[in-house]
>>> print(open('my_file_9.csv').read())   # CSV, C-alpha atoms
chain,number,residue,atom,x,y,z
A,1,MET,CA,0.0,0.0,0.0
A,2,GLU,CA,1.3,3.4,-0.9
A,3,HIS,CA,2.0,5.6,2.0
A,4,ARG,CA,0.7,9.0,1.3
A,5,ARG,CA,2.7,11.7,2.8
A,6,SER,CA,0.6,13.3,5.5
A,7,ILE,CA,1.1,16.3,7.6
A,8,PHE,CA,2.4,14.1,10.4
A,9,ASP,CA,5.4,13.1,8.4
A,10,ARG,CA,6.6,16.7,8.4
A,11,ASP,CA,9.4,17.8,10.6
A,12,ILE,CA,8.0,20.5,12.9
A,13,SER,CA,11.4,21.3,14.4
A,14,ARG,CA,12.1,23.6,11.5
A,15,SER,CA,10.1,26.7,12.1
A,16,ARG,CA,8.4,28.6,9.4
A,17,ALA,CA,10.0,31.5,7.8
A,18,ASP,CA,8.9,35.1,8.5
A,19,VAL,CA,6.3,37.0,6.6
A,20,SER,CA,6.1,40.8,6.3
A,21,LEU,CA,4.5,42.8,9.1
A,22,SER,CA,2.2,44.3,6.4
A,23,ALA,CA,0.8,40.9,5.5
A,24,PHE,CA,0.0,40.3,9.1
A,25,GLY,CA,-1.5,43.8,9.4
A,26,PHE,CA,-3.7,43.4,6.4
A,27,LEU,CA,-4.9,40.0,7.5
A,28,PHE,CA,-5.6,41.1,11.1
A,29,SER,CA,-7.4,44.3,10.0
A,30,GLU,CA,-9.7,42.2,7.8
A,31,LEU,CA,-10.3,39.8,10.6
A,32,VAL,CA,-11.3,42.6,12.9
A,33,GLN,CA,-13.6,44.1,10.3
A,34,GLN,CA,-15.3,40.8,9.8
A,35,ILE,CA,-16.0,40.4,13.5
A,36,GLN,CA,-17.0,44.0,13.8
A,37,ARG,CA,-19.7,43.6,11.2
A,38,GLU,CA,-21.6,41.1,13.4
A,39,ALA,CA,-20.5,42.1,16.9
A,40,GLU,CA,-23.2,43.7,19.0
A,41,SER,CA,-20.9,45.7,21.2
A,42,ILE,CA,-17.3,46.5,21.9
A,43,ASN,CA,-17.3,43.9,24.6
A,44,ASP,CA,-18.6,41.4,22.1
A,45,LEU,CA,-16.0,42.3,19.6
A,46,GLU,CA,-13.2,42.0,22.1
A,47,GLY,CA,-14.7,38.7,23.4
A,48,GLN,CA,-14.7,37.2,20.0
A,49,LEU,CA,-11.1,38.3,19.4
A,50,GLU,CA,-10.2,36.7,22.7
A,51,GLN,CA,-11.9,33.5,21.7
A,52,ILE,CA,-10.1,33.3,18.4
A,53,GLY,CA,-6.8,34.1,20.2
A,54,TYR,CA,-7.5,31.3,22.7
A,55,GLY,CA,-7.4,28.6,20.1
A,56,VAL,CA,-4.1,30.0,18.7
A,57,GLY,CA,-2.6,30.1,22.2
A,58,VAL,CA,-3.4,26.4,22.8
A,59,LYS,CA,-1.7,25.5,19.6
A,60,VAL,CA,1.3,27.7,20.2
A,61,LEU,CA,2.0,26.1,23.5
A,62,GLU,CA,1.8,22.6,22.1
A,63,LEU,CA,4.1,23.7,19.3
A,64,LEU,CA,6.7,25.2,21.5
A,65,ALA,CA,6.6,22.1,23.8
A,66,ALA,CA,6.9,19.7,20.9
A,67,ARG,CA,9.7,21.6,19.3
A,68,ASP,CA,11.9,21.8,22.3
A,69,ARG,CA,11.1,18.5,23.8
A,70,ARG,CA,14.4,18.1,25.6
A,71,ASN,CA,14.4,21.5,27.3
A,72,PHE,CA,10.8,22.4,27.6
A,73,ARG,CA,9.2,22.0,30.9
A,74,HIS,CA,5.6,22.8,31.6
A,75,LYS,CA,5.6,25.3,34.3
A,76,HIS,CA,3.5,24.0,37.2
A,77,LYS,CA,3.9,27.1,39.3
A,78,LEU,CA,2.1,30.3,38.5
A,79,VAL,CA,4.9,32.8,38.5
A,80,PRO,CA,7.4,30.8,36.4
A,81,CYS,CA,4.5,30.2,34.0
A,82,LEU,CA,3.8,33.9,33.8
A,83,ARG,CA,7.5,34.6,33.3
A,84,PHE,CA,7.5,32.1,30.5
A,85,VAL,CA,4.6,34.0,28.9
A,86,SER,CA,6.2,37.4,29.2
A,87,THR,CA,9.6,36.2,27.9
A,88,THR,CA,9.7,33.0,25.8
A,89,LEU,CA,6.2,33.2,24.5
A,90,TRP,CA,6.4,36.9,23.8
A,91,ARG,CA,9.7,36.4,22.0
A,92,TYR,CA,8.2,33.7,19.9
A,93,LEU,CA,5.2,35.7,18.9
A,94,PHE,CA,6.5,39.2,18.7
A,95,GLY,CA,10.3,39.0,18.5
A,96,LYS,CA,10.9,40.6,21.9
A,97,ASP,CA,10.0,40.3,25.6
A,98,ALA,CA,6.9,42.0,27.0
A,99,ASP,CA,7.8,45.3,28.6
A,100,ARG,CA,7.1,44.4,32.1
A,101,LEU,CA,5.5,41.7,34.3
A,102,GLU,CA,4.2,42.7,37.7
A,103,LYS,CA,2.0,41.5,40.5
A,104,SER,CA,-0.9,43.5,41.7
A,105,SER,CA,-0.4,45.1,45.1
A,106,GLU,CA,-4.1,45.6,45.5
A,107,HIS,CA,-5.7,42.4,44.3
A,108,ASP,CA,-4.9,38.8,45.1
A,109,ASN,CA,-4.1,36.5,42.2
A,110,GLU,CA,-3.8,39.4,39.8
A,111,TYR,CA,-0.9,40.2,37.6
A,112,TYR,CA,-0.1,42.7,34.9
A,113,ILE,CA,1.8,42.3,31.6
A,114,HIS,CA,2.7,45.6,30.1
A,115,GLU,CA,3.1,46.2,26.4
A,116,GLN,CA,3.9,49.6,25.0
A,117,GLU,CA,2.9,48.9,21.3
A,118,PRO,CA,1.0,45.7,20.7
A,119,LEU,CA,1.4,44.3,17.2
A,120,THR,CA,-2.3,44.0,16.9
A,121,ASN,CA,-3.0,47.7,17.5
A,122,MET,CA,-0.5,48.9,14.9
A,123,PHE,CA,-3.0,48.6,12.0
A,124,ILE,CA,-6.3,49.5,13.6
A,125,SER,CA,-7.2,53.1,14.0
A,126,VAL,CA,-10.1,53.1,16.5
A,127,PRO,CA,-12.8,55.6,15.6
A,128,ARG,CA,-14.3,57.7,18.4
A,129,GLU,CA,-17.5,55.6,18.6
A,130,TYR,CA,-15.5,52.6,19.5
A,131,GLY,CA,-14.0,54.3,22.6
A,132,ALA,CA,-12.0,51.8,24.6
A,133,LEU,CA,-11.7,49.0,22.0
A,134,ASN,CA,-8.4,47.3,22.3
A,135,CYS,CA,-7.6,44.7,19.6
A,136,ALA,CA,-4.9,43.3,21.8
A,137,ALA,CA,-7.8,41.3,23.1
A,138,TYR,CA,-6.5,38.8,20.5
A,139,THR,CA,-3.2,38.5,22.3
A,140,ALA,CA,-5.1,38.3,25.6
A,141,GLY,CA,-6.8,35.3,24.2
A,142,ILE,CA,-3.5,33.8,23.2
A,143,VAL,CA,-2.2,34.3,26.7
A,144,CYS,CA,-5.4,32.8,28.2
A,145,GLY,CA,-5.0,29.7,25.9
A,146,VAL,CA,-1.4,29.2,26.9
A,147,LEU,CA,-2.2,29.6,30.7
A,148,ASP,CA,-5.2,27.3,30.5
A,149,THR,CA,-3.2,24.6,28.7
A,150,SER,CA,-0.5,24.9,31.4
A,151,GLY,CA,-3.1,24.2,34.0
A,152,PHE,CA,-3.9,27.7,35.2
A,153,THR,CA,-7.3,29.0,34.7
A,154,ALA,CA,-7.3,32.8,34.4
A,155,LYS,CA,-9.2,35.6,32.9
A,156,VAL,CA,-7.0,37.8,30.7
A,157,GLN,CA,-8.1,41.1,29.5
A,158,ALA,CA,-6.3,43.7,27.4
A,159,VAL,CA,-6.8,47.1,28.9
A,160,THR,CA,-5.8,50.5,27.4
A,161,ILE,CA,-3.9,52.7,29.8
A,162,GLU,CA,-3.9,56.3,28.9
A,163,GLU,CA,-0.8,58.1,30.0
A,164,PRO,CA,-1.0,61.9,29.8
A,165,GLY,CA,1.4,63.3,27.3
A,166,GLU,CA,2.3,59.8,26.0
A,167,VAL,CA,1.0,57.2,23.6
A,168,ASP,CA,-1.6,54.9,25.1
A,169,LYS,CA,-0.2,51.5,26.1
A,170,THR,CA,-1.8,48.2,26.8
A,171,VAL,CA,-1.8,46.2,30.0
A,172,TYR,CA,-2.9,42.6,30.1
A,173,VAL,CA,-4.7,42.0,33.3
A,174,VAL,CA,-4.3,38.4,34.3
A,175,LYS,CA,-6.7,37.3,37.1
A,176,PHE,CA,-6.3,33.8,38.3
A,177,ASP,CA,-9.1,31.7,39.8
A,178,GLU,CA,-8.5,30.6,43.3
B,1,MET,CA,13.4,44.3,-16.8
B,2,SER,CA,15.0,40.8,-16.9
B,3,ALA,CA,13.9,37.9,-14.8
B,4,ARG,CA,17.0,38.1,-12.7
B,5,SER,CA,16.4,41.8,-12.0
B,6,HIS,CA,12.8,41.1,-11.0
B,7,ALA,CA,14.1,38.5,-8.5
B,8,ARG,CA,16.7,41.0,-7.2
B,9,ALA,CA,14.1,43.7,-6.8
B,10,GLY,CA,12.0,41.2,-4.9
B,11,ASP,CA,14.9,40.4,-2.6
B,12,VAL,CA,15.6,44.1,-2.0
B,13,ALA,CA,12.0,44.9,-1.3
B,14,TRP,CA,11.7,42.0,1.1
B,15,GLY,CA,14.9,43.1,2.8
B,16,ARG,CA,13.4,46.4,3.6
B,17,MET,CA,10.1,45.0,5.1
B,18,THR,CA,9.6,44.6,8.8
B,19,LYS,CA,9.1,41.0,9.5
B,20,VAL,CA,6.9,39.0,11.8
B,21,ASN,CA,6.7,35.4,12.8
B,22,GLY,CA,5.2,33.5,9.9
B,23,GLU,CA,3.7,30.9,12.2
B,24,LEU,CA,1.7,33.6,14.0
B,25,PHE,CA,0.5,34.7,10.6
B,26,ALA,CA,-0.5,31.2,9.6
B,27,LEU,CA,-2.2,30.4,12.9
B,28,THR,CA,-4.2,33.7,12.7
B,29,TYR,CA,-5.3,32.8,9.2
B,30,GLY,CA,-6.3,29.3,10.3
B,31,ALA,CA,-8.3,30.7,13.2
B,32,MET,CA,-10.1,33.0,10.8
B,33,VAL,CA,-10.9,30.2,8.3
B,34,LYS,CA,-12.1,28.0,11.2
B,35,ARG,CA,-14.5,30.8,12.3
B,36,LEU,CA,-15.8,31.2,8.8
B,37,LEU,CA,-16.5,27.5,8.6
B,38,GLU,CA,-18.5,27.8,11.9
B,39,ASP,CA,-20.5,30.7,10.6
B,40,HIS,CA,-21.4,29.4,7.2
B,41,SER,CA,-23.3,26.2,6.4
B,42,GLU,CA,-22.0,25.9,2.8
B,43,ILE,CA,-18.3,25.5,2.0
B,44,ASP,CA,-18.8,27.4,-1.2
B,45,GLU,CA,-19.9,30.4,0.9
B,46,VAL,CA,-16.7,30.2,2.8
B,47,ASN,CA,-14.7,30.1,-0.4
B,48,GLU,CA,-16.5,33.2,-1.6
B,49,HIS,CA,-16.1,35.0,1.7
B,50,LEU,CA,-12.4,34.4,1.7
B,51,GLU,CA,-12.1,35.7,-1.8
B,52,LYS,CA,-14.0,38.9,-0.9
B,53,MET,CA,-11.8,39.4,2.2
B,54,GLY,CA,-8.8,39.0,-0.1
B,55,TYR,CA,-10.3,41.6,-2.5
B,56,ASN,CA,-10.7,44.1,0.3
B,57,ILE,CA,-7.0,43.5,1.2
B,58,GLY,CA,-5.8,43.6,-2.4
B,59,ILE,CA,-7.3,47.1,-3.2
B,60,ARG,CA,-5.3,48.5,-0.3
B,61,LEU,CA,-2.2,46.4,-0.6
B,62,VAL,CA,-1.4,47.6,-4.1
B,63,ASP,CA,-0.7,51.2,-2.8
B,64,GLU,CA,1.9,49.9,-0.4
B,65,PHE,CA,3.4,47.7,-3.1
B,66,LEU,CA,3.7,50.6,-5.5
B,67,ALA,CA,5.2,52.8,-2.8
B,68,LYS,CA,7.7,50.3,-1.5
B,69,SER,CA,8.7,48.3,-4.5
B,70,GLY,CA,10.4,51.2,-6.2
B,71,LEU,CA,9.6,49.8,-9.6
B,72,PRO,CA,8.7,51.7,-12.8
B,73,PRO,CA,5.3,50.9,-14.3
B,74,CYS,CA,5.1,47.5,-16.0
B,75,SER,CA,5.2,47.4,-19.8
B,76,GLY,CA,2.1,45.2,-19.9
B,77,PHE,CA,0.2,42.2,-18.5
B,78,VAL,CA,3.1,39.8,-19.1
B,79,GLU,CA,5.5,41.9,-17.2
B,80,THR,CA,2.9,42.5,-14.5
B,81,ALA,CA,2.6,38.8,-14.0
B,82,GLU,CA,6.4,38.5,-13.4
B,83,VAL,CA,6.4,41.4,-11.0
B,84,VAL,CA,3.5,39.9,-9.0
B,85,ALA,CA,5.3,36.5,-8.8
B,86,LYS,CA,8.8,37.7,-8.1
B,87,VAL,CA,8.4,41.0,-6.3
B,88,ALA,CA,4.9,41.2,-4.7
B,89,PHE,CA,4.8,37.7,-3.4
B,90,ARG,CA,8.3,38.0,-2.1
B,91,MET,CA,7.8,41.4,-0.5
B,92,PHE,CA,4.7,40.5,1.4
B,93,LEU,CA,4.9,36.7,2.0
B,94,GLY,CA,8.6,36.1,1.7
B,95,VAL,CA,8.2,33.5,-1.0
B,96,THR,CA,8.3,33.7,-4.8
B,97,ALA,CA,6.0,32.2,-7.3
B,98,ASP,CA,6.7,31.0,-10.9
B,99,VAL,CA,4.7,32.2,-13.9
B,100,THR,CA,3.8,29.6,-16.4
B,101,GLY,CA,1.1,28.4,-18.7
B,102,TRP,CA,0.5,31.4,-20.8
B,103,ASN,CA,-2.2,31.2,-23.4
B,104,PRO,CA,-1.3,32.3,-26.9
B,105,GLU,CA,-3.1,35.6,-26.5
B,106,GLY,CA,-1.2,36.5,-23.4
B,107,THR,CA,-4.3,37.0,-21.3
B,108,VAL,CA,-4.2,33.9,-19.1
B,109,PHE,CA,-1.3,32.6,-16.9
B,110,SER,CA,-0.7,30.5,-13.9
B,111,LEU,CA,1.2,31.3,-10.7
B,112,LEU,CA,2.9,28.2,-9.2
B,113,LEU,CA,3.5,28.5,-5.5
B,114,ALA,CA,5.7,25.8,-4.0
B,115,ASP,CA,5.6,27.3,-0.6
B,116,ASN,CA,2.3,28.6,0.8
B,117,PRO,CA,2.8,30.5,4.1
B,118,LEU,CA,-1.0,30.4,4.8
B,119,ALA,CA,-1.2,26.6,4.8
B,120,GLU,CA,1.4,25.9,7.5
B,121,PHE,CA,0.2,23.2,10.0
B,122,VAL,CA,-2.9,22.6,7.9
B,123,GLU,CA,-4.5,19.4,6.9
B,124,LEU,CA,-7.9,19.4,5.4
B,125,PRO,CA,-10.3,16.8,6.8
B,126,ARG,CA,-12.4,14.9,4.3
B,127,GLN,CA,-15.5,16.9,4.8
B,128,TYR,CA,-13.7,20.1,3.8
B,129,ARG,CA,-12.2,18.7,0.6
B,130,THR,CA,-14.0,21.3,-1.5
B,131,LEU,CA,-12.6,24.1,0.7
B,132,SER,CA,-10.2,26.4,-1.1
B,133,TYR,CA,-8.3,27.1,2.0
B,134,SER,CA,-6.1,29.8,0.6
B,135,ASN,CA,-8.8,31.4,-1.5
B,136,ILE,CA,-8.0,34.8,0.1
B,137,LEU,CA,-5.0,34.9,-2.2
B,138,CYS,CA,-7.3,34.9,-5.2
B,139,GLY,CA,-9.1,37.9,-3.9
B,140,VAL,CA,-5.9,39.8,-3.1
B,141,LEU,CA,-4.7,39.3,-6.6
B,142,ARG,CA,-8.1,40.4,-8.1
B,143,GLY,CA,-8.2,43.5,-5.9
B,144,ALA,CA,-4.7,44.5,-6.5
B,145,LEU,CA,-4.8,44.0,-10.3
B,146,GLU,CA,-8.1,45.9,-10.5
B,147,MET,CA,-6.4,48.9,-9.0
B,148,ILE,CA,-4.0,48.9,-11.9
B,149,GLN,CA,-6.8,48.6,-14.4
B,150,TYR,CA,-6.7,44.9,-15.0
B,151,ARG,CA,-10.0,43.2,-14.3
B,152,VAL,CA,-9.2,39.5,-13.7
B,153,GLU,CA,-10.6,36.3,-12.4
B,154,VAL,CA,-8.4,34.2,-10.2
B,155,GLN,CA,-9.0,30.6,-9.3
B,156,PHE,CA,-7.1,28.2,-7.1
B,157,VAL,CA,-6.9,25.3,-9.6
B,158,ARG,CA,-4.4,23.1,-7.8
B,159,ASP,CA,-3.9,23.0,-4.0
B,160,VAL,CA,-1.3,21.0,-2.0
B,161,LEU,CA,-3.8,20.8,0.8
B,162,ARG,CA,-6.2,18.9,-1.6
B,163,GLY,CA,-3.5,16.4,-2.6
B,164,ASP,CA,-1.9,18.2,-5.6
B,165,ASP,CA,1.9,18.5,-6.0
B,166,VAL,CA,1.9,22.3,-6.2
B,167,ASN,CA,-0.3,25.3,-5.6
B,168,GLU,CA,-1.5,26.8,-8.8
B,169,LEU,CA,-3.5,30.0,-9.2
B,170,ARG,CA,-4.9,30.6,-12.6
B,171,VAL,CA,-5.2,34.3,-13.5
B,172,GLU,CA,-7.5,35.3,-16.4
B,173,LEU,CA,-7.6,38.8,-17.8
B,174,LYS,CA,-11.2,39.8,-18.5
B,175,GLU,CA,-10.9,43.4,-19.4
B,176,ILE,CA,-8.4,46.2,-19.4
B,177,MET,CA,-10.3,49.0,-17.8
B,178,ASN,CA,-9.9,52.6,-19.1
B,179,GLU,CA,-9.9,55.3,-16.5
B,180,GLU,CA,-13.0,57.3,-17.0
B,181,MET,CA,-12.8,61.0,-16.4
B,182,SER,CA,-15.8,62.2,-14.5
B,183,GLU,CA,-18.1,64.9,-15.9
B,184,GLU,CA,-16.3,67.9,-14.4
B,185,TYR,CA,-13.2,67.2,-16.4
B,186,LYS,CA,-14.9,67.1,-19.7
B,187,GLU,CA,-14.2,70.0,-22.0
B,188,ASP,CA,-17.1,72.3,-22.6
>>> encode(input="my_file_9.csv", output="structure tokens")
Amino acid sequence: MEHRRSIFDRDISRSRADVSLSAFGFLFSELVQQIQREAESINDLEGQLEQIGYGVGVKVLELLAARDRRNFRHKHKLVPCLRFVSTTLWRYLFGKDADRLEKSSEHDNEYYIHEQEPLTNMFISVPREYGALNCAAYTAGIVCGVLDTSGFTAKVQAVTIEEPGEVDKTVYVVKFDE
Amino acid sequence: MSARSHARAGDVAWGRMTKVNGELFALTYGAMVKRLLEDHSEIDEVNEHLEKMGYNIGIRLVDEFLAKSGLPPCSGFVETAEVVAKVAFRMFLGVTADVTGWNPEGTVFSLLLADNPLAEFVELPRQYRTLSYSNILCGVLRGALEMIQYRVEVQFVRDVLRGDDVNELRVELKEIMNEEMSEEYKED
């Protein structure tokens, strides 16, 4: 019987080459527009972006684990896992670490990942009517998918922080369940 | 321009572009296709939807291409095909395509794409064998070419995801559009 080459024969250790930022930008803009047409509110729009990102996050973690089988260890403790997210995962996705990871001093089980200029927001100009829409909800979804697959249930939300005199930045608020 | 200089122009343009992780790109596209499959009951609707999305991208993408490629206007449809294959594909997707299969009139050609960045990690299950997974590319080409006055139809005729050896996009020129001057520019 002839063995048809399937996707499982492929070597996944070789990672895919880059594409242009523009290509990603065009694709992501179109994705957002598609969702926006049917979304009933900004929350709905962000929620859908999160949902789509979640699936990607699950796959990314599996991919990173499978690729680096010898060295990769699933982080079973919360803080190492978050550190993995803000460094290794961020570097894989965006080519650099997240700007900052910090623990909330006010709320239990709450952490913040800072990002000055999310990739997802570079191509979307948010009109006034959309107010606080933050398309980094997609990245928040990816983070949520990664955390969940690592065994940590959390809500991740991309929040816009306005800094007077400076460009808005994004903070991913990660709130873990008890 | 010679074939070699098109390829070189492609490499130069690619070198200037900011890059992102191609896997993030592929996974994002995959997530989008998956969503469309959930939203539509007919696979043909998904194919059409992908093509329309591509069209929306194509009409905007061409401006960036013209601005960043630094190329002079093409001498005609034949050269346009080469520039699309060697410069545009390279610049945006990092891969080059080959132009083949010209008809005698020079109005129909094929783009062969050995490496499709959209289809990374993808395997089509049986029930989706009529899905033209990368159909967005057809729309991008249609939109972009329309902006330079070529009205075309583009079909994905061979797809590696459907078991073929190579990805083949068939581009058919339907009409060369003439720019129409609106009323106010007409001489009295």
>>> closest_atom_pairs(input="my_file_9.csv", of="chain B", to="chain A", cutoff="8 Å", atoms="all atoms listed in the file", output="CSV")
residue,atom,partner,partner_atom,distance
B:Trp14,CA,A:Ser20,CA,7.7
B:Met17,CA,A:Ser20,CA,5.9
B:Thr18,CA,A:Leu21,CA,5.4
B:Lys19,CA,A:Ser20,CA,4.4
B:Val20,CA,A:Leu21,CA,5.2
B:Asn21,CA,A:Asp18,CA,4.8
B:Gly22,CA,A:Asp18,CA,4.3
B:Glu23,CA,A:Arg16,CA,5.9
B:Leu24,CA,A:Leu93,CA,6.4
B:Phe25,CA,A:Phe24,CA,5.8
B:Leu27,CA,A:Val56,CA,6.1
B:Thr28,CA,A:Val56,CA,7.0
B:Tyr29,CA,A:Leu27,CA,7.4
B:Ala31,CA,A:Ile52,CA,6.1
B:Met32,CA,A:Leu31,CA,6.8
B:Arg35,CA,A:Ile52,CA,7.9
B:Met53,CA,A:Glu30,CA,6.6
B:Asn56,CA,A:Glu30,CA,7.8
B:Ile57,CA,A:Phe26,CA,6.2
B:Leu61,CA,A:Phe26,CA,7.8
B:Met91,CA,A:Ser20,CA,7.0
B:Phe92,CA,A:Ser20,CA,5.1
B:Leu93,CA,A:Val19,CA,4.8
B:Gly94,CA,A:Val19,CA,5.5
B:Pro117,CA,A:Val19,CA,7.8
B:Glu120,CA,A:Arg16,CA,7.7
B:Phe121,CA,A:Ile7,CA,7.4
B:Val122,CA,A:Ile7,CA,7.5
B:Glu123,CA,A:Ile7,CA,6.4
>>> residues_around(input="my_file_9.csv", residues="Asp164 of chain B", least_positions_apart="2", cutoff="12 Å", atoms="all atoms listed in the file", output="number ranges by chain")
A: 4-5; B: 112-114, 156-162, 166-168
>>> residues_around(input="my_file_9.csv", residues="segment 130-133 of chain B", least_positions_apart="6", cutoff="9 Å", atoms="only C-alpha atoms", output="number ranges by chain")
B: 30, 33, 43-44, 46-47, 50, 118-119, 124, 156, 159, 161-162
>>> residues_around(input="my_file_9.csv", residues="segment 96-102 of chain B", least_positions_apart="5", cutoff="6 Å", atoms="all atoms listed in the file", output="PDB file with C-alpha atoms, keeping the file's coordinate frame")
ATOM      1  CA  ALA B  85       5.300  36.500  -8.800  1.00  0.00           C
ATOM      2  CA  LYS B  86       8.800  37.700  -8.100  1.00  0.00           C
ATOM      3  CA  PHE B  89       4.800  37.700  -3.400  1.00  0.00           C
ATOM      4  CA  ARG B  90       8.300  38.000  -2.100  1.00  0.00           C
ATOM      5  CA  VAL B 108      -4.200  33.900 -19.100  1.00  0.00           C
ATOM      6  CA  PHE B 109      -1.300  32.600 -16.900  1.00  0.00           C
ATOM      7  CA  SER B 110      -0.700  30.500 -13.900  1.00  0.00           C
ATOM      8  CA  LEU B 111       1.200  31.300 -10.700  1.00  0.00           C
ATOM      9  CA  LEU B 112       2.900  28.200  -9.200  1.00  0.00           C
ATOM     10  CA  LEU B 113       3.500  28.500  -5.500  1.00  0.00           C
TER      11      LEU B 113
END
>>> atom_distance(input="my_file_9.csv", atom1="atom CA of Val12 of chain B", atom2="atom CA of Ser69 of chain B")
8.5 Å
>>> atom_distance(input="my_file_9.csv", atom1="atom CA of Glu42 of chain B", atom2="atom CA of Glu50 of chain A")
25.5 Å
>>> atom_distance(input="my_file_9.csv", atom1="atom CA of Leu78 of chain A", atom2="atom CA of His107 of chain A")
15.5 Å
>>> residues_around(input="my_file_9.csv", residues="segment 139-143 of chain B", least_positions_apart="3", cutoff="9 Å", atoms="all atoms listed in the file", output="list in words")
Leu50, Glu51, Lys52, Met53, Gly54, Tyr55, Asn56, Ile57, Gly58, Ile59, Arg60, Leu61, Val62, Val84, Asn135, Ile136, Glu146, Met147, Tyr150, Arg151, Val152, Glu153, Val154 and Val171 of chain B
>>> closest_residue(input="my_file_9.csv", among="A:Ala140, A:Arg37, A:Gln48, A:Val174", to="Trp90 of chain A", atoms="all atoms listed in the file")
A:Ala140
>>> closest_residue(input="my_file_9.csv", among="A:Ala98, A:Ala132, A:Ile113, A:Ile124", to="Thr160 of chain A", atoms="all atoms listed in the file")
A:Ala132
>>> closest_residue(input="my_file_9.csv", among="A:Thr87, A:Asn43, A:Thr153, A:Asn121", to="Cys135 of chain A", atoms="all atoms listed in the file")
A:Asn121
>>> closest_residue(input="my_file_9.csv", among="A:Glu46, A:Ala39, A:Asn134, A:His76", to="Ser150 of chain A", atoms="all atoms listed in the file")
A:His76
>>> decode(input="my_file_9.csv", residues="segment 18-22 of chain A", atoms="all heavy atoms", output="PDB file, in the first residue's frame")
ATOM      1  N   ASP A  18       9.654  33.876   8.220  1.00  0.00           N
ATOM      2  CA  ASP A  18       8.860  35.066   8.507  1.00  0.00           C
ATOM      3  C   ASP A  18       8.011  35.491   7.315  1.00  0.00           C
ATOM      4  O   ASP A  18       8.267  35.097   6.181  1.00  0.00           O
ATOM      5  CB  ASP A  18       9.800  36.237   8.835  1.00  0.00           C
ATOM      6  CG  ASP A  18      10.489  36.055  10.165  1.00  0.00           C
ATOM      7  OD1 ASP A  18       9.999  35.278  11.001  1.00  0.00           O
ATOM      8  OD2 ASP A  18      11.541  36.709  10.353  1.00  0.00           O
ATOM      9  N   VAL A  19       7.023  36.317   7.620  1.00  0.00           N
ATOM     10  CA  VAL A  19       6.331  37.049   6.561  1.00  0.00           C
ATOM     11  C   VAL A  19       6.464  38.524   6.907  1.00  0.00           C
ATOM     12  O   VAL A  19       6.973  38.871   7.966  1.00  0.00           O
ATOM     13  CB  VAL A  19       4.836  36.660   6.447  1.00  0.00           C
ATOM     14  CG1 VAL A  19       4.673  35.210   6.055  1.00  0.00           C
ATOM     15  CG2 VAL A  19       4.074  36.988   7.709  1.00  0.00           C
ATOM     16  N   SER A  20       5.978  39.388   6.029  1.00  0.00           N
ATOM     17  CA  SER A  20       6.090  40.820   6.314  1.00  0.00           C
ATOM     18  C   SER A  20       5.060  41.220   7.353  1.00  0.00           C
ATOM     19  O   SER A  20       3.980  40.628   7.455  1.00  0.00           O
ATOM     20  CB  SER A  20       5.876  41.637   5.043  1.00  0.00           C
ATOM     21  OG  SER A  20       4.529  41.542   4.633  1.00  0.00           O
ATOM     22  N   LEU A  21       5.413  42.227   8.099  1.00  0.00           N
ATOM     23  CA  LEU A  21       4.497  42.814   9.070  1.00  0.00           C
ATOM     24  C   LEU A  21       3.230  43.281   8.359  1.00  0.00           C
ATOM     25  O   LEU A  21       2.123  43.132   8.871  1.00  0.00           O
ATOM     26  CB  LEU A  21       5.188  43.993   9.758  1.00  0.00           C
ATOM     27  CG  LEU A  21       4.364  44.820  10.735  1.00  0.00           C
ATOM     28  CD1 LEU A  21       3.955  43.971  11.925  1.00  0.00           C
ATOM     29  CD2 LEU A  21       5.166  46.037  11.203  1.00  0.00           C
ATOM     30  N   SER A  22       3.399  43.819   7.155  1.00  0.00           N
ATOM     31  CA  SER A  22       2.245  44.293   6.369  1.00  0.00           C
ATOM     32  C   SER A  22       1.236  43.194   6.127  1.00  0.00           C
ATOM     33  O   SER A  22       0.037  43.410   6.244  1.00  0.00           O
ATOM     34  CB  SER A  22       2.694  44.817   5.012  1.00  0.00           C
ATOM     35  OG  SER A  22       3.511  45.916   5.155  1.00  0.00           O
TER      36      SER A  22
END
